[in-house]
Amino acid sequence: MDTLQLAKQRRSVRTFDGNPLSAQDRKAIEDFVRSISNPFNQSVEFVLLDAKENGLNTPVIKGETLYIAAKIRKAPYSEEAFGYSFEQLVLFAQSLGIGTTWIGGTMKRELFENAAGVKGNERMYCMSPLGYPAKKMSIIETTMRKGVRADKRKSAGELFFEKDFSTPFRTDDKTIADALEAVRIAPSAVNMQPWRIVADGGRYHFYLSHKKGYDENADWDIQKVDMGIALCHFMNIAGGELVVENPGIRTENGVEYTATVVL
Ligand SMILES: Cc1cc2nc3c(=O)[nH]c(=O)nc-3n(C[C@H](O)[C@H](O)[C@H](O)COP(=O)(O)O)c2cc1C
């Protein structure tokens, strides 16, 4: 998979053409999800859910026939692990021309959790529809995209730093530049792009810049799922090993260390 290309092509798809996945595409997805892993070594179980059979729909998605949910045991870093693994699925679907939308909020959560068989200590942080994009977006889709300024992203200068948070990061290394660009354009909840990276030699420290205003009742942090997505894009391109070794760099309020990719 060419992660940067796929990341550039991908957008959330909220209007589908009403056709089910071809048997071949469905099988490819089923096979692929069994092969997905993440550097947190936490197991993520994917479940395909037929919309009609399970009586599922969501207010923002039109024309879908199938969903994919995933479950993980709640643990430290389970949001990041979930984000990492689920984004591999999103990129793979994109490579087949299958549309997805990360959905963590705009759904009747209980219905989806029941259909996916979420039990006890398991969590289904998000799910997505799977299908072929319709030629034209629904009005609700167009409105949603405007609402979250879905076609905009922060600039690299706002996200990537060197040694500390005061100096913007510059590089001539194409692999690193590509990996950072893939992070910059990644999808995130409410398009908040909470990821920040401080580079120091071959070490890339990932930080989460928290924003309030998400589901206060949830016992998880949806922005940590975003961090998993960022790590997925970065490591797919740059490789490296993930370690949790906080370098103790001074951060502003609300900015929290996540992990470091060592190249
Ligand atoms: C963790 C996560 C949760 C999201 N939850 C929702 C959601 O509940 N409903 C929705 O319509 N979009 C949801 N999105 C999609 C984002 O709004 C979208 O990725 C962002 O606006 C950027 O637009 P794009 O995906 O088209 O590039 C979510 C995205 C992520 C990563």
# chains A, B, ... in the order shown; residues from 1 in each chain; ligands from 1
>>> residues_near_ligand(ligand="ligand 1", cutoff="6 Å", atoms="only C-alpha atoms and all ligand atoms", output="JSON, numbers by chain")
{"A": [11, 12, 60, 101, 102, 103, 104, 105, 106, 148, 150, 187, 188, 189, 190, 191, 222, 225, 226]}
>>> residues_around(residues="range 241-255 of chain A", least_positions_apart="4", cutoff="10 Å", atoms="only C-alpha atoms", output="compact mmCIF listing (two decimals) with C-alpha atoms, in the first residue's frame")
# COMPACT_ATOMS: atom_id res chain seq x y z
CA ASN A 38 -0.43 -2.67 15.69
CA PRO A 39 2.81 -1.75 17.49
CA PHE A 40 0.96 -1.75 20.83
CA LYS A 163 13.97 19.46 19.70
CA ASP A 164 11.22 21.46 21.44
CA PHE A 165 7.95 23.17 20.59
CA SER A 166 9.56 26.49 19.57
CA PRO A 194 -4.60 16.91 17.62
CA TRP A 195 -1.22 15.38 16.72
CA ARG A 196 2.06 17.23 17.27
CA VAL A 198 8.87 16.86 18.00
CA ASP A 200 15.15 14.90 17.73
CA ARG A 203 13.47 10.04 17.38
CA TYR A 204 9.99 11.35 16.60
CA HIS A 205 8.05 12.19 19.76
CA PHE A 206 4.27 12.20 19.29
CA TYR A 207 2.11 14.49 21.44
CA LEU A 208 -1.62 14.94 21.80
CA SER A 209 -2.91 18.51 21.96
CA HIS A 210 -6.23 18.05 23.76
CA LYS A 211 -9.43 19.84 22.82
CA LYS A 212 -12.50 19.63 25.01
CA LEU A 231 1.13 6.79 14.16
CA MET A 235 5.05 4.22 10.62
CA ALA A 259 4.90 7.77 22.37
CA THR A 260 8.10 7.94 20.32
CA VAL A 261 8.94 6.38 16.97
CA VAL A 262 12.63 5.48 16.85
CA LEU A 263 14.04 5.17 13.31
>>> closest_residue(among="A:Ala75, A:Ala199, A:Val13, A:Met144", to="Trp220 in chain A", atoms="only C-alpha atoms")
A:Ala75
>>> select_by_dssp(residues="range 63-194 of chain A", states="alpha helix (DSSP H)", output="number ranges by chain")
A: 78-95, 109-116, 139-147, 156-159, 174-184
>>> residues_around(residues="Pro76 in chain A", least_positions_apart="3", cutoff="12 Å", atoms="only C-alpha atoms", output="PDB file with N, CA and C atoms, in the first residue's frame")
ATOM      1  N   PHE A  40       1.294  -1.650  19.403  1.00  0.00           N
ATOM      2  CA  PHE A  40       0.962  -1.748  20.834  1.00  0.00           C
ATOM      3  C   PHE A  40       0.705  -3.205  21.218  1.00  0.00           C
ATOM      4  N   ASN A  41       0.723  -4.074  20.200  1.00  0.00           N
ATOM      5  CA  ASN A  41       0.473  -5.512  20.395  1.00  0.00           C
ATOM      6  C   ASN A  41      -0.841  -5.771  21.112  1.00  0.00           C
ATOM      7  N   GLN A  42      -1.849  -4.963  20.796  1.00  0.00           N
ATOM      8  CA  GLN A  42      -3.180  -5.207  21.359  1.00  0.00           C
ATOM      9  C   GLN A  42      -4.081  -5.730  20.241  1.00  0.00           C
ATOM     10  N   ILE A  72     -11.959  -3.854  21.067  1.00  0.00           N
ATOM     11  CA  ILE A  72     -10.650  -4.008  21.710  1.00  0.00           C
ATOM     12  C   ILE A  72     -10.881  -4.059  23.213  1.00  0.00           C
ATOM     13  N   ARG A  73     -10.024  -4.771  23.920  1.00  0.00           N
ATOM     14  CA  ARG A  73     -10.135  -4.768  25.382  1.00  0.00           C
ATOM     15  C   ARG A  73      -9.639  -3.422  25.909  1.00  0.00           C
ATOM     16  N   GLU A  79      -6.993   2.983  22.928  1.00  0.00           N
ATOM     17  CA  GLU A  79      -7.535   3.893  21.908  1.00  0.00           C
ATOM     18  C   GLU A  79      -6.535   4.033  20.749  1.00  0.00           C
ATOM     19  N   GLU A  80      -5.258   4.238  21.100  1.00  0.00           N
ATOM     20  CA  GLU A  80      -4.236   4.410  20.051  1.00  0.00           C
ATOM     21  C   GLU A  80      -4.111   3.126  19.221  1.00  0.00           C
ATOM     22  N   ALA A  81      -4.129   1.976  19.908  1.00  0.00           N
ATOM     23  CA  ALA A  81      -4.016   0.694  19.199  1.00  0.00           C
ATOM     24  C   ALA A  81      -5.196   0.514  18.248  1.00  0.00           C
ATOM     25  N   PHE A  82      -6.386   0.869  18.730  1.00  0.00           N
ATOM     26  CA  PHE A  82      -7.598   0.769  17.909  1.00  0.00           C
ATOM     27  C   PHE A  82      -7.462   1.674  16.683  1.00  0.00           C
ATOM     28  N   ASP A 219     -15.865   6.601  28.701  1.00  0.00           N
ATOM     29  CA  ASP A 219     -14.712   6.342  29.572  1.00  0.00           C
ATOM     30  C   ASP A 219     -13.448   6.142  28.727  1.00  0.00           C
ATOM     31  N   TRP A 220     -13.397   6.854  27.591  1.00  0.00           N
ATOM     32  CA  TRP A 220     -12.201   6.833  26.760  1.00  0.00           C
ATOM     33  C   TRP A 220     -12.038   8.206  26.130  1.00  0.00           C
ATOM     34  N   ASP A 221     -10.885   8.388  25.465  1.00  0.00           N
ATOM     35  CA  ASP A 221     -10.551   9.673  24.853  1.00  0.00           C
ATOM     36  C   ASP A 221     -10.463   9.470  23.343  1.00  0.00           C
ATOM     37  N   LYS A 224      -7.306  10.149  21.433  1.00  0.00           N
ATOM     38  CA  LYS A 224      -6.222   9.151  21.452  1.00  0.00           C
ATOM     39  C   LYS A 224      -6.357   8.197  20.259  1.00  0.00           C
ATOM     40  N   VAL A 244       7.702   3.956  24.523  1.00  0.00           N
ATOM     41  CA  VAL A 244       7.133   4.989  25.388  1.00  0.00           C
ATOM     42  C   VAL A 244       8.234   5.409  26.341  1.00  0.00           C
ATOM     43  N   THR A 258       2.541  11.089  23.999  1.00  0.00           N
ATOM     44  CA  THR A 258       1.928   9.783  23.683  1.00  0.00           C
ATOM     45  C   THR A 258       3.007   8.703  23.582  1.00  0.00           C
TER      46      THR A 258
END
>>> closest_residue(among="A:Lys71, A:Ile229, A:Asp25, A:Phe16", to="Arg123 in chain A", atoms="only C-alpha atoms")
A:Lys71
>>> closest_residue(among="A:Gly201, A:Pro168, A:Gly228, A:Pro129", to="Leu48 in chain A", atoms="only C-alpha atoms")
A:Pro129
>>> residues_around(residues="Ser35 in chain A", least_positions_apart="2", cutoff="12 Å", atoms="only C-alpha atoms", output="ChimeraX atom specification")
/A:28-33,37-38,43-46,85-86,88-89,92
>>> write_last_selection(atoms="C-alpha atoms", output="PDB file, in the first residue's frame")
ATOM      1  CA  ALA A  28     -10.592  -9.172   0.442  1.00  0.00           C
ATOM      2  CA  ILE A  29     -11.700  -7.076   3.437  1.00  0.00           C
ATOM      3  CA  GLU A  30     -12.393 -10.168   5.554  1.00  0.00           C
ATOM      4  CA  ASP A  31      -8.951 -11.591   4.747  1.00  0.00           C
ATOM      5  CA  PHE A  32      -7.166  -8.278   5.274  1.00  0.00           C
ATOM      6  CA  VAL A  33      -8.598  -7.517   8.708  1.00  0.00           C
ATOM      7  CA  SER A  37      -1.618  -5.741  13.781  1.00  0.00           C
ATOM      8  CA  ASN A  38      -0.429  -2.672  15.686  1.00  0.00           C
ATOM      9  CA  SER A  43      -5.683  -7.390  19.565  1.00  0.00           C
ATOM     10  CA  VAL A  44      -8.445  -5.670  17.576  1.00  0.00           C
ATOM     11  CA  GLU A  45     -11.356  -7.813  16.426  1.00  0.00           C
ATOM     12  CA  PHE A  46     -13.270  -6.639  13.349  1.00  0.00           C
ATOM     13  CA  SER A  85      -5.454  -0.936  13.337  1.00  0.00           C
ATOM     14  CA  PHE A  86      -8.725   0.580  12.132  1.00  0.00           C
ATOM     15  CA  GLN A  88      -5.048   0.179   8.225  1.00  0.00           C
ATOM     16  CA  LEU A  89      -8.511  -1.091   7.289  1.00  0.00           C
ATOM     17  CA  PHE A  92      -6.941  -0.864   2.492  1.00  0.00           C
TER      18      PHE A  92
END
>>> residues_around(residues="Arg109 in chain A", least_positions_apart="2", cutoff="10 Å", atoms="only C-alpha atoms", output="list in words")
Thr58, Ile103, Gly104, Gly105, Thr106, Met107, Leu111, Phe112, Glu113, Asn114, Ala115, Met124, Tyr125, Cys126 and Met127 of chain A
>>> select_by_dssp(residues="range 45-140 of chain A", states="strand (DSSP E)", output="MDAnalysis selection string")
chainID A and resid 45:50 66:73 122:123 127:130
>>> closest_residue(among="A:Asn217, A:Gln94, A:Gln193, A:Asn121", to="Glu158 in chain A", atoms="only C-alpha atoms")
A:Gln193
>>> atom_distance(atom1="CA of Asp50 in chain A", atom2="CA of Pro20 in chain A")
9.3 Å
